Amino acid sequence: MSRDRLKQLQRWAPYALTPLVVIAALPAIGLGPWVTLTVAGLTMGIMLFMVASGLTLIFGLMDVLNFAHAAFVAVGAYVAVSVLQPLAGWTNEMSLTLNLAALLVALISAAVASGALGFVFERVIIRQVYGAPLRQILITIGALTVIEQLIIVVWGPQAIPLPKPAMLRGSVFIGSSSIETYRLFALCVGLAVAAAMHLFLTRTRLGLVVRAGVEDREMIQSLGYNIRRVFIGVFMAGTALAGMGGMMWGQYQAVVSSQIGDSMTILVFIILIIGGLGSVGGCFIGAILVGLTSNYVGFLAPKMALGSNILLMALILLWQPRGLFPIAEQH
Amino acid sequence: MTDAGEALLRLEGVYTNIGRYRILHGVDFAARRGRVTMLLGRNGAGKTTTLRTIMGLWKARLGKVIFDGQSIAAKETPHIARLGIAYVPENMGIFGKLTVRENMLLATERRGFVQQHLDRVLESFPALKVKWESPAGSLSGGQKQMLAIGRAIIEQRRLLLIDEPTKGLSPAMVDQLVAALLRLKREHTTVLLVEQNFRVAEAVGDDVAVMDEGRIIHTGDMAALSTNHALQHRLLGLSMADSL
Amino acid sequence: MAGQINQAIERAAGAALTGPTTDAPLSAPRRFPRIGSWLSWIVSDDPPGRVLLNITLLVILAALLFAPFLFPGTKALGVASRICIFVILCASYDLMLGFTGIVSFAHTMFFGIGAYGVAIMLANGWVGWTGVILGAAAGAAVSLVIAAVIGLLSLRLRAIFFSMITLAVASFAQIVAEQWRDLTGGEDGLTFSAPAILKPGFRLFHDPVMGVIVNGRVITYYITFAVALVLFLIMLRIVNSPFGLVLRAIRENEFRVEAMGYRVVAYRTLVCVFSAVMASLAGALMALVLGYNGPDATLSFSLMIDILLMIVIGGMGTLYGAIVGAIVVVLAEYYLQNALGAMSGAISGMPVMSALFHPDRWLLWLGILFVLIVTFLPQGIVGRLRRRR
């Protein structure tokens, strides 16, 4: 094969990974369950993407490793619980409009709450530790503990149910496969968010600045852009996204506990590593891969579900030590 | 520095450290308005550090950096850039994942591209038009340099800081670059140019400041230096004419 | 520009390698006058340094040495054992973090491997000391191999990646421990009987010594204490050897160190391996003390947080910090809950306040302390006390 062909193949190979996995799983699983699992995997992937995308941008843009990200997931979930309780009237009606309206309110509340907390967090905690990776890791782990404990102080140590609204319970049937309705909802929301993010990053000036800043922070500043202010915005957006992801994850599992963010953390890190730090596109592909792998393997060999993701990460790292779509050298 | 022509940029007694290491030991010189000032010197003399200090990427520990009467030594880089100073670093600072168009767009004001300005740049660097929608990372070394300089000149700037633009370029590219620099000269743009290539320095420079070990050891006219081989040898080691 | 920066950092790091000077960022080993040279040798010429610190550590040493007699009772002895074990766990972690600048989240994995080594041996019939020694050795061997692989990995990967991957590896180990019931007892763990003289029923002397019965628990404690002391002194020696100086230089600027001809990967791998083996031995001790091992006892991430807490509070890069940190945090864990319970009782009227001070929220207060220390006292207690200023 000529050098050019080889190079082209190498460039496109990372994109081919996901379709390959999807196709390979079909014979192993059988069409019926395969449809269910693929939708489940895509949904889980997209919810993970919502949580992870903020983190990868935060790291890519400012070299800040935020171990407390899980806390924002939890805050979003709990705020959603509190917001949906008085709206039980809407969620219990068999009306899709009212249900969706309630969910929209909850989603926005979760985003606002996590975003606001993110703002405070950036000012109080992150600001002190720019450029000091070790202190970042330490202080954010400490902050994570504190926030999770404070959640327990406010909402109590017991896990709290977060029921799905009436019209979104149960499943729809496509052929012989059943697909949970809530998953379709989550998929739609997730895709909408991902699309919005893509448009923002590629079509707006601010998005351009963010993408440039991820590649070379000094240069974007030398062009006159105050990247610090941009960063606060990105941080808040990241935490808001985490909050939304938390709400959907909690509602999907029907119960919310203070550990809700922690269970996602390892998967989020795996996604960041697979996708390449700083790359939103890589994060998307990584998240989908992880979601699909979890579900396929969860069906075939339940005990190995998490283990399989770690193996997937190891394999990808052997192939591309910096992840599938790494961004700047400085990372 | 010298008598006629006021200084747009002046450095006085600038000391800069990297970590606990002293690089600049009291740099004094000025760049006069509307002229091209060459900053010459051996590797490790502190030329890049000087540019970065002016740009605020590294903070001067002591001393003053005065731009058009304003002290900018303590200001943040974005602020300094907004005062009208453009910086073309040695590594060019190209955003490889962004297209050429996007790279250029970042250098424009909020309104976006002004056709006249764009035409001017594309005239000097036609290769950019061809690669307009390609990722900047796919450009050749010379083309990247064109892009970096194009970015610096697309809007009117009061001062250009350029660090070793001809490094690693083919002679043809060097000529194209020199042509662009001469054009800037005709437009009376103030430029502070770090160069290792003496031929380029001679062709383009009006004033010269020579650095060694973090200090300025000579300032004067480029013309005077270029005819005085003994002085060249003394200041720059082997005559830089050798480093063609 | 790259050349300039390198020159600058070269000169700074070069100082680290050729020996400490007044400009060097390391704390120079201090000569302690008027102490016998043998004592100097034991602490590898690196005593705590400051008077207050020396006294504190001597008091701690004495308290631990006479713990069974000073603080009678099973619970107190358990606390003291835990302190000794954590000193080793944290000091070995400090070797990587404080001295070489490596952030790894896999440390608890090695702790668990050592504990499982002993537990598996003793639970499967290898009774007595053979089982203990074989188990500890097996655990150490496995840890050695895994740490070597991880250390070599650090060449290919950037620092942040490396840390995240150690987290993933540790999670993987936890999953294996929980799922592989046949080997590890799964989530319930393994319970086993210790060698005869370590059993509570065993008595070394018929009559109580200073009011305390010297039984198997006391003996277990003294073994733990002795091993911990020896391991700590060994680590002190390593840190003050030429090897240790290279580690410190790597933390400051590894490129320079590589340029000077030292293979950084080799040093990194060695320190990872060494640290892992120490952690593994600490794990073996833990298993002996508990008579049990399970994922929650040695592999949980909260243990990792504890280690970080201890090192930050005590002081990174000082080894002695591990001692101070271990004491503060272990005592806090045990007794903070009591203190909180008392406070909570006193203000039971106000709902949010009493929830804030509920004994189960001890982690909240420890977390706040942790954040405050990272912010205001990043060098930790020992680091602060040791500073020249």
# chains A, B, ... in the order shown; residues from 1 in each chain; ligands from 1
>>> residues_around(residues="Thr166 in chain B", least_positions_apart="3", cutoff="12 Å", atoms="only C-alpha atoms", output="ChimeraX atom specification")
/B:88-92,141-146,148-149,162-163,169-178,181,193-201,244
>>> residues_around(residues="Arg52 in chain B", least_positions_apart="5", cutoff="10 Å", atoms="only C-alpha atoms", output="NGL selection string")
(:A and (222)) or (:B and (16 or 46-47 or 57-60 or 77 or 87 or 89 or 161 or 163)) or (:C and (1))
>>> write_last_selection(atoms="N, CA and C atoms", output="short mmCIF file (atom, residue, chain, number, x, y, z; two decimals), in the first residue's frame")
data_model
loop_
_atom_site.label_atom_id
_atom_site.label_comp_id
_atom_site.auth_asym_id
_atom_site.auth_seq_id
_atom_site.Cartn_x
_atom_site.Cartn_y
_atom_site.Cartn_z
N SER A 222 -1.69 36.26 22.92
CA SER A 222 -0.89 37.21 22.14
C SER A 222 -1.71 37.84 21.03
N THR B 16 14.96 39.96 33.47
CA THR B 16 13.93 38.92 33.45
C THR B 16 14.53 37.61 33.91
N GLY B 46 19.47 36.06 24.63
CA GLY B 46 18.33 36.65 25.33
C GLY B 46 17.38 37.39 24.42
N LYS B 47 17.51 37.16 23.10
CA LYS B 47 16.66 37.92 22.18
C LYS B 47 15.19 37.51 22.31
N LEU B 57 4.55 37.78 28.21
CA LEU B 57 4.47 36.34 28.44
C LEU B 57 5.37 35.95 29.59
N TRP B 58 6.47 36.69 29.73
CA TRP B 58 7.30 36.55 30.92
C TRP B 58 7.39 37.93 31.55
N LYS B 59 7.34 37.96 32.86
CA LYS B 59 7.32 39.27 33.50
C LYS B 59 8.73 39.72 33.85
N ALA B 60 9.00 40.97 33.59
CA ALA B 60 10.30 41.52 33.97
C ALA B 60 10.36 41.63 35.47
N THR B 77 -0.75 39.92 28.92
CA THR B 77 -0.53 39.77 27.48
C THR B 77 -1.70 40.21 26.61
N TYR B 87 2.69 39.81 17.79
CA TYR B 87 3.86 38.98 18.10
C TYR B 87 3.87 37.76 17.21
N PRO B 89 5.94 34.54 17.10
CA PRO B 89 6.98 33.82 17.83
C PRO B 89 7.82 32.93 16.92
N LEU B 161 6.43 42.46 16.59
CA LEU B 161 7.58 41.76 17.17
C LEU B 161 7.72 40.46 16.42
N ASP B 163 10.09 37.06 15.56
CA ASP B 163 11.22 36.27 16.06
C ASP B 163 11.69 35.25 15.02
N MET C 1 14.99 29.81 21.74
CA MET C 1 14.38 30.02 23.06
C MET C 1 14.46 28.73 23.88
#
>>> atom_distance(atom1="CA of Ala77 in chain A", atom2="CA of Ala186 in chain A")
14.3 Å
>>> interface_residues(of="chain A", to="chain C", cutoff="8 Å", atoms="only C-alpha atoms", output="NGL selection string")
:A and (128 or 134-135 or 138-139 or 141-143 or 145-146 or 149-150 or 153-154 or 266 or 269-270 or 273 or 303 or 306-307 or 310 or 321-322 or 331)
>>> write_last_selection(atoms="N, CA and C atoms", output="PDB file, in the first residue's frame")
ATOM      1  N   GLN A 128      -6.638  29.359  42.556  1.00  0.00           N
ATOM      2  CA  GLN A 128      -5.383  29.340  43.291  1.00  0.00           C
ATOM      3  C   GLN A 128      -4.393  28.350  42.719  1.00  0.00           C
ATOM      4  N   LEU A 134      -0.189  19.177  40.657  1.00  0.00           N
ATOM      5  CA  LEU A 134      -0.320  18.370  41.860  1.00  0.00           C
ATOM      6  C   LEU A 134      -1.332  18.991  42.815  1.00  0.00           C
ATOM      7  N   ARG A 135      -1.229  20.282  43.031  1.00  0.00           N
ATOM      8  CA  ARG A 135      -2.162  20.927  43.940  1.00  0.00           C
ATOM      9  C   ARG A 135      -3.576  20.880  43.389  1.00  0.00           C
ATOM     10  N   LEU A 138      -4.938  17.508  44.262  1.00  0.00           N
ATOM     11  CA  LEU A 138      -5.227  17.409  45.688  1.00  0.00           C
ATOM     12  C   LEU A 138      -6.432  18.244  46.083  1.00  0.00           C
ATOM     13  N   ILE A 139      -6.421  19.499  45.667  1.00  0.00           N
ATOM     14  CA  ILE A 139      -7.470  20.377  46.157  1.00  0.00           C
ATOM     15  C   ILE A 139      -8.824  19.994  45.581  1.00  0.00           C
ATOM     16  N   ILE A 141      -9.753  16.941  44.746  1.00  0.00           N
ATOM     17  CA  ILE A 141     -10.219  15.742  45.448  1.00  0.00           C
ATOM     18  C   ILE A 141     -10.807  16.135  46.799  1.00  0.00           C
ATOM     19  N   GLY A 142     -10.129  17.045  47.483  1.00  0.00           N
ATOM     20  CA  GLY A 142     -10.653  17.511  48.768  1.00  0.00           C
ATOM     21  C   GLY A 142     -12.009  18.167  48.597  1.00  0.00           C
ATOM     22  N   ALA A 143     -12.102  19.029  47.588  1.00  0.00           N
ATOM     23  CA  ALA A 143     -13.359  19.732  47.355  1.00  0.00           C
ATOM     24  C   ALA A 143     -14.473  18.754  47.018  1.00  0.00           C
ATOM     25  N   THR A 145     -14.832  15.712  48.095  1.00  0.00           N
ATOM     26  CA  THR A 145     -15.284  15.121  49.350  1.00  0.00           C
ATOM     27  C   THR A 145     -16.200  16.081  50.092  1.00  0.00           C
ATOM     28  N   VAL A 146     -15.762  17.334  50.176  1.00  0.00           N
ATOM     29  CA  VAL A 146     -16.539  18.312  50.936  1.00  0.00           C
ATOM     30  C   VAL A 146     -17.919  18.510  50.317  1.00  0.00           C
ATOM     31  N   GLN A 149     -20.198  15.561  50.877  1.00  0.00           N
ATOM     32  CA  GLN A 149     -20.669  15.524  52.256  1.00  0.00           C
ATOM     33  C   GLN A 149     -21.727  16.598  52.487  1.00  0.00           C
ATOM     34  N   LEU A 150     -21.529  17.777  51.916  1.00  0.00           N
ATOM     35  CA  LEU A 150     -22.510  18.843  52.087  1.00  0.00           C
ATOM     36  C   LEU A 150     -23.846  18.451  51.471  1.00  0.00           C
ATOM     37  N   VAL A 153     -25.541  16.581  53.960  1.00  0.00           N
ATOM     38  CA  VAL A 153     -26.043  17.463  55.017  1.00  0.00           C
ATOM     39  C   VAL A 153     -27.390  18.056  54.606  1.00  0.00           C
ATOM     40  N   VAL A 154     -27.473  18.478  53.342  1.00  0.00           N
ATOM     41  CA  VAL A 154     -28.694  19.145  52.907  1.00  0.00           C
ATOM     42  C   VAL A 154     -29.817  18.157  52.599  1.00  0.00           C
ATOM     43  N   ILE A 266     -14.796   6.999  36.820  1.00  0.00           N
ATOM     44  CA  ILE A 266     -13.798   6.169  36.159  1.00  0.00           C
ATOM     45  C   ILE A 266     -14.111   6.060  34.673  1.00  0.00           C
ATOM     46  N   PHE A 269     -13.047   9.276  32.957  1.00  0.00           N
ATOM     47  CA  PHE A 269     -11.605   9.328  32.743  1.00  0.00           C
ATOM     48  C   PHE A 269     -11.201   8.442  31.579  1.00  0.00           C
ATOM     49  N   ILE A 270     -11.789   7.275  31.523  1.00  0.00           N
ATOM     50  CA  ILE A 270     -11.466   6.385  30.413  1.00  0.00           C
ATOM     51  C   ILE A 270     -11.809   7.063  29.096  1.00  0.00           C
ATOM     52  N   ILE A 273      -9.279   9.691  28.206  1.00  0.00           N
ATOM     53  CA  ILE A 273      -8.015   9.117  27.754  1.00  0.00           C
ATOM     54  C   ILE A 273      -8.161   8.584  26.340  1.00  0.00           C
ATOM     55  N   LYS A 303     -20.061  -9.702  34.359  1.00  0.00           N
ATOM     56  CA  LYS A 303     -19.065  -9.325  35.351  1.00  0.00           C
ATOM     57  C   LYS A 303     -17.957  -8.475  34.743  1.00  0.00           C
ATOM     58  N   LEU A 306     -17.201  -3.377  33.355  1.00  0.00           N
ATOM     59  CA  LEU A 306     -16.274  -2.274  33.602  1.00  0.00           C
ATOM     60  C   LEU A 306     -14.869  -2.670  33.193  1.00  0.00           C
ATOM     61  N   GLY A 307     -14.527  -3.909  33.494  1.00  0.00           N
ATOM     62  CA  GLY A 307     -13.198  -4.384  33.137  1.00  0.00           C
ATOM     63  C   GLY A 307     -12.954  -4.257  31.640  1.00  0.00           C
ATOM     64  N   ILE A 310     -11.848  -0.847  30.641  1.00  0.00           N
ATOM     65  CA  ILE A 310     -10.458  -0.578  30.987  1.00  0.00           C
ATOM     66  C   ILE A 310      -9.541  -1.250  29.965  1.00  0.00           C
ATOM     67  N   PRO A 321      -0.792   6.413  21.929  1.00  0.00           N
ATOM     68  CA  PRO A 321      -0.509   6.727  23.333  1.00  0.00           C
ATOM     69  C   PRO A 321      -1.114   8.026  23.844  1.00  0.00           C
ATOM     70  N   ARG A 322      -1.534   8.929  22.921  1.00  0.00           N
ATOM     71  CA  ARG A 322      -2.107  10.153  23.442  1.00  0.00           C
ATOM     72  C   ARG A 322      -3.611  10.209  23.224  1.00  0.00           C
ATOM     73  N   HIS A 331      -0.213  19.357  25.982  1.00  0.00           N
ATOM     74  CA  HIS A 331      -0.876  18.405  26.854  1.00  0.00           C
ATOM     75  C   HIS A 331      -0.232  17.037  26.764  1.00  0.00           C
TER      76      HIS A 331
END
>>> atom_distance(atom1="CA of Leu39 in chain C", atom2="CA of Leu270 in chain C")
27.8 Å
>>> interface_residues(of="chain B", to="chain A", cutoff="6 Å", atoms="only C-alpha atoms", output="JSON, numbers by chain")
{"B": [77, 78, 81, 82, 93]}
>>> write_last_selection(atoms="N, CA and C atoms", output="PDB file, in the first residue's frame")
ATOM      1  N   THR B  77      -0.752  39.917  28.924  1.00  0.00           N
ATOM      2  CA  THR B  77      -0.529  39.768  27.482  1.00  0.00           C
ATOM      3  C   THR B  77      -1.702  40.212  26.611  1.00  0.00           C
ATOM      4  N   PRO B  78      -2.940  39.783  26.898  1.00  0.00           N
ATOM      5  CA  PRO B  78      -4.018  40.220  26.016  1.00  0.00           C
ATOM      6  C   PRO B  78      -4.127  41.744  25.962  1.00  0.00           C
ATOM      7  N   ALA B  81      -1.461  43.088  23.735  1.00  0.00           N
ATOM      8  CA  ALA B  81      -1.785  42.860  22.328  1.00  0.00           C
ATOM      9  C   ALA B  81      -2.810  43.881  21.852  1.00  0.00           C
ATOM     10  N   ARG B  82      -3.764  44.168  22.714  1.00  0.00           N
ATOM     11  CA  ARG B  82      -4.825  45.102  22.330  1.00  0.00           C
ATOM     12  C   ARG B  82      -4.316  46.520  22.171  1.00  0.00           C
ATOM     13  N   GLY B  93       3.397  29.907  16.203  1.00  0.00           N
ATOM     14  CA  GLY B  93       2.129  30.012  16.899  1.00  0.00           C
ATOM     15  C   GLY B  93       0.911  29.754  16.038  1.00  0.00           C
TER      16      GLY B  93
END
>>> select_by_dssp(residues="range 262-378 of chain C", states="helix (DSSP H, G or I)", output="ChimeraX atom specification")
/C:264-290,295-298,301-314,320-346,351-356,359-376
>>> write_last_selection(atoms="C-alpha atoms", output="short mmCIF file (atom, residue, chain, number, x, y, z; two decimals), in the first residue's frame")
data_model
loop_
_atom_site.label_atom_id
_atom_site.label_comp_id
_atom_site.auth_asym_id
_atom_site.auth_seq_id
_atom_site.Cartn_x
_atom_site.Cartn_y
_atom_site.Cartn_z
CA VAL C 264 15.01 8.63 33.94
CA VAL C 265 12.77 5.71 33.07
CA ALA C 266 15.02 3.38 35.03
CA TYR C 267 14.90 5.56 38.11
CA ARG C 268 11.17 6.09 37.86
CA THR C 269 10.57 2.39 37.48
CA LEU C 270 12.84 1.60 40.40
CA VAL C 271 11.10 4.01 42.70
CA CYS C 272 7.69 2.70 41.63
CA VAL C 273 8.79 -0.83 42.27
CA PHE C 274 10.33 -0.03 45.58
CA SER C 275 7.37 1.96 46.73
CA ALA C 276 5.01 -0.80 45.64
CA VAL C 277 6.93 -3.47 47.54
CA MET C 278 6.85 -1.34 50.68
CA ALA C 279 3.13 -0.85 50.30
CA SER C 280 2.74 -4.55 49.77
CA LEU C 281 4.59 -5.35 52.97
CA ALA C 282 2.41 -2.85 54.79
CA GLY C 283 -0.55 -4.72 53.38
CA ALA C 284 0.79 -8.00 54.68
CA LEU C 285 1.02 -6.45 58.15
CA MET C 286 -2.52 -5.14 57.80
CA ALA C 287 -3.84 -8.58 57.06
CA LEU C 288 -2.05 -9.98 60.08
CA VAL C 289 -3.43 -7.29 62.33
CA LEU C 290 -7.02 -7.63 61.09
CA PRO C 295 -11.77 -5.10 49.02
CA ASP C 296 -13.10 -2.57 51.49
CA ALA C 297 -10.23 -3.06 53.90
CA THR C 298 -7.36 -2.42 51.53
CA PHE C 301 -10.48 4.66 46.91
CA SER C 302 -11.26 6.25 50.25
CA LEU C 303 -7.99 4.73 51.47
CA MET C 304 -6.24 6.54 48.64
CA ILE C 305 -7.83 9.74 49.81
CA ASP C 306 -6.65 8.98 53.33
CA ILE C 307 -3.09 8.57 52.09
CA LEU C 308 -3.27 11.87 50.24
CA LEU C 309 -4.72 13.52 53.31
CA MET C 310 -1.94 12.20 55.47
CA ILE C 311 0.82 13.24 53.15
CA VAL C 312 -0.54 16.70 52.56
CA ILE C 313 -1.16 17.35 56.22
CA GLY C 314 2.16 15.92 57.26
CA TYR C 320 8.68 12.43 58.47
CA GLY C 321 5.54 14.06 57.20
CA ALA C 322 4.10 10.59 56.73
CA ILE C 323 4.42 9.98 60.46
CA VAL C 324 2.83 13.23 61.51
CA GLY C 325 0.13 12.95 58.88
CA ALA C 326 -0.70 9.37 59.75
CA ILE C 327 -1.12 10.22 63.40
CA VAL C 328 -3.30 13.24 62.76
CA VAL C 329 -5.61 11.56 60.31
CA VAL C 330 -5.95 8.19 62.01
CA LEU C 331 -6.66 9.83 65.34
CA ALA C 332 -9.09 12.17 63.66
CA GLU C 333 -10.91 9.27 62.03
CA TYR C 334 -11.33 7.48 65.28
CA TYR C 335 -11.89 10.28 67.69
CA LEU C 336 -13.35 13.01 65.53
CA GLN C 337 -16.51 11.02 65.33
CA ASN C 338 -16.82 11.07 69.09
CA ALA C 339 -16.15 14.76 69.23
CA LEU C 340 -18.71 15.45 66.55
CA GLY C 341 -21.24 13.29 68.31
CA ALA C 342 -20.84 15.34 71.43
CA MET C 343 -21.23 18.62 69.55
CA SER C 344 -24.18 17.37 67.60
CA GLY C 345 -25.93 16.43 70.81
CA ALA C 346 -25.40 19.90 72.17
CA PRO C 351 -31.63 21.10 61.83
CA VAL C 352 -28.88 22.04 59.38
CA MET C 353 -26.32 22.69 62.08
CA SER C 354 -26.84 19.37 63.74
CA ALA C 355 -26.58 17.68 60.36
CA LEU C 356 -23.30 19.49 59.77
CA PRO C 359 -20.63 12.11 63.64
CA ASP C 360 -21.02 10.52 60.22
CA ARG C 361 -19.88 13.78 58.68
CA TRP C 362 -16.34 13.51 60.00
CA LEU C 363 -15.17 13.24 56.40
CA LEU C 364 -16.64 16.66 55.69
CA TRP C 365 -14.49 18.26 58.33
CA LEU C 366 -11.42 16.33 57.32
CA GLY C 367 -12.04 17.37 53.75
CA ILE C 368 -12.31 21.00 54.76
CA LEU C 369 -9.10 20.67 56.72
CA PHE C 370 -7.50 19.11 53.68
CA VAL C 371 -8.53 21.94 51.37
CA LEU C 372 -7.38 24.53 53.90
CA ILE C 373 -4.02 22.88 54.26
CA VAL C 374 -3.46 22.58 50.52
CA THR C 375 -4.34 26.26 50.25
CA PHE C 376 -2.56 27.78 53.19
#
>>> select_by_dssp(residues="range 123-287 of chain C", states="strand (DSSP E or B)", output="list in words")
Leu190, Thr191, Arg203, Val209, Val212 and Asn215 of chain C
>>> write_last_selection(atoms="C-alpha atoms", output="short mmCIF file (atom, residue, chain, number, x, y, z; two decimals), in the first residue's frame")
data_model
loop_
_atom_site.label_atom_id
_atom_site.label_comp_id
_atom_site.auth_asym_id
_atom_site.auth_seq_id
_atom_site.Cartn_x
_atom_site.Cartn_y
_atom_site.Cartn_z
CA LEU C 190 -11.16 -13.73 53.46
CA THR C 191 -10.99 -14.46 57.13
CA ARG C 203 0.21 -15.35 76.52
CA VAL C 209 3.48 -6.75 82.74
CA VAL C 212 -1.24 -5.44 80.84
CA ASN C 215 -0.99 -11.64 74.65
#
>>> closest_residue(among="C:Leu299, C:Leu122, C:Ile238, C:Ile83", to="Phe105 in chain C", atoms="only C-alpha atoms")
C:Leu299
>>> residues_around(residues="Glu109 in chain B", least_positions_apart="5", cutoff="10 Å", atoms="only C-alpha atoms", output="mmCIF file with N, CA and C atoms, in the first residue's frame")
data_model
loop_
_atom_site.group_PDB
_atom_site.id
_atom_site.type_symbol
_atom_site.label_atom_id
_atom_site.label_comp_id
_atom_site.auth_asym_id
_atom_site.auth_seq_id
_atom_site.Cartn_x
_atom_site.Cartn_y
_atom_site.Cartn_z
ATOM 1 N N GLY A 224 -4.618 38.906 21.635
ATOM 2 C CA GLY A 224 -5.452 39.886 22.302
ATOM 3 C C GLY A 224 -6.676 39.332 23.018
ATOM 4 N N VAL B 114 -11.992 42.487 6.519
ATOM 5 C CA VAL B 114 -12.198 43.661 5.665
ATOM 6 C C VAL B 114 -11.504 43.331 4.354
ATOM 7 N N ILE B 154 -2.653 41.712 9.144
ATOM 8 C CA ILE B 154 -3.951 41.919 8.507
ATOM 9 C C ILE B 154 -4.680 43.121 9.072
ATOM 10 N N GLU B 155 -4.483 43.388 10.341
ATOM 11 C CA GLU B 155 -5.014 44.629 10.880
ATOM 12 C C GLU B 155 -3.842 45.568 11.099
#
>>> interface_residues(of="chain B", to="chain C", cutoff="7 Å", atoms="only C-alpha atoms", output="ChimeraX atom specification")
/B:21,44,48
>>> write_last_selection(atoms="N, CA and C atoms", output="PDB file, in the first residue's frame")
ATOM      1  N   TYR B  21      16.424  31.592  37.395  1.00  0.00           N
ATOM      2  CA  TYR B  21      17.547  31.869  36.553  1.00  0.00           C
ATOM      3  C   TYR B  21      17.508  33.194  35.839  1.00  0.00           C
ATOM      4  N   GLY B  44      21.029  32.092  22.565  1.00  0.00           N
ATOM      5  CA  GLY B  44      21.104  32.145  24.022  1.00  0.00           C
ATOM      6  C   GLY B  44      21.424  33.514  24.563  1.00  0.00           C
ATOM      7  N   THR B  48      14.970  36.202  22.304  1.00  0.00           N
ATOM      8  CA  THR B  48      13.587  35.749  22.425  1.00  0.00           C
ATOM      9  C   THR B  48      13.003  36.152  23.762  1.00  0.00           C
TER      10      THR B  48
END
>>> residues_around(residues="range 65-74 of chain B", least_positions_apart="5", cutoff="8 Å", atoms="only C-alpha atoms", output="mmCIF file with N, CA and C atoms, in the first residue's frame")
data_model
loop_
_atom_site.group_PDB
_atom_site.id
_atom_site.type_symbol
_atom_site.label_atom_id
_atom_site.label_comp_id
_atom_site.auth_asym_id
_atom_site.auth_seq_id
_atom_site.Cartn_x
_atom_site.Cartn_y
_atom_site.Cartn_z
ATOM 1 N N ALA B 7 11.179 57.210 20.135
ATOM 2 C CA ALA B 7 11.077 55.782 20.415
ATOM 3 C C ALA B 7 9.621 55.424 20.642
ATOM 4 N N LEU B 8 9.152 54.441 19.899
ATOM 5 C CA LEU B 8 7.803 53.941 20.151
ATOM 6 C C LEU B 8 7.846 52.965 21.324
ATOM 7 N N LEU B 9 8.936 52.210 21.344
ATOM 8 C CA LEU B 9 9.095 51.224 22.410
ATOM 9 C C LEU B 9 10.439 51.451 23.068
ATOM 10 N N ARG B 10 10.431 51.455 24.390
ATOM 11 C CA ARG B 10 11.703 51.639 25.073
ATOM 12 C C ARG B 10 11.816 50.661 26.225
ATOM 13 N N LEU B 11 12.967 50.019 26.312
ATOM 14 C CA LEU B 11 13.233 49.151 27.458
ATOM 15 C C LEU B 11 14.322 49.797 28.298
ATOM 16 N N GLU B 12 14.111 49.840 29.613
ATOM 17 C CA GLU B 12 15.114 50.450 30.481
ATOM 18 C C GLU B 12 15.436 49.517 31.634
ATOM 19 N N VAL B 14 15.894 46.327 32.000
ATOM 20 C CA VAL B 14 14.991 45.190 32.194
ATOM 21 C C VAL B 14 15.759 43.939 32.608
ATOM 22 N N THR B 53 9.259 39.214 26.973
ATOM 23 C CA THR B 53 9.066 40.138 28.092
ATOM 24 C C THR B 53 8.227 41.326 27.645
ATOM 25 N N ILE B 54 8.531 41.835 26.467
ATOM 26 C CA ILE B 54 7.747 42.962 25.957
ATOM 27 C C ILE B 54 6.292 42.549 25.858
ATOM 28 N N GLY B 56 4.743 40.426 27.538
ATOM 29 C CA GLY B 56 4.101 40.090 28.800
ATOM 30 C C GLY B 56 3.978 38.603 29.072
ATOM 31 N N LYS B 59 7.339 37.961 32.864
ATOM 32 C CA LYS B 59 7.322 39.265 33.498
ATOM 33 C C LYS B 59 8.733 39.720 33.845
ATOM 34 N N ALA B 60 8.999 40.968 33.591
ATOM 35 C CA ALA B 60 10.301 41.517 33.967
ATOM 36 C C ALA B 60 10.359 41.632 35.470
ATOM 37 N N ILE B 80 -1.721 43.913 26.372
ATOM 38 C CA ILE B 80 -0.605 44.427 25.574
ATOM 39 C C ILE B 80 -0.898 44.247 24.087
#
>>> closest_residue(among="B:Ala127, B:Leu192, B:Val121, B:Ala136", to="Asn103 in chain B", atoms="only C-alpha atoms")
B:Ala136
>>> closest_residue(among="A:Leu107, A:Ile285, A:Met304, A:Val230", to="Thr18 in chain A", atoms="only C-alpha atoms")
A:Ile285
>>> residues_around(residues="Cys283 in chain A", least_positions_apart="5", cutoff="7 Å", atoms="only C-alpha atoms", output="ChimeraX atom specification")
/A:49,52-53,271-272,275
>>> write_last_selection(atoms="C-alpha atoms", output="short mmCIF file (atom, residue, chain, number, x, y, z; two decimals), in the first residue's frame")
data_model
loop_
_atom_site.label_atom_id
_atom_site.label_comp_id
_atom_site.auth_asym_id
_atom_site.auth_seq_id
_atom_site.Cartn_x
_atom_site.Cartn_y
_atom_site.Cartn_z
CA PHE A 49 -20.48 12.60 26.74
CA ALA A 52 -17.09 14.27 29.97
CA SER A 53 -17.12 16.98 27.33
CA ILE A 271 -13.36 8.41 27.84
CA LEU A 272 -11.01 11.34 28.20
CA GLY A 275 -10.64 10.48 23.08
#
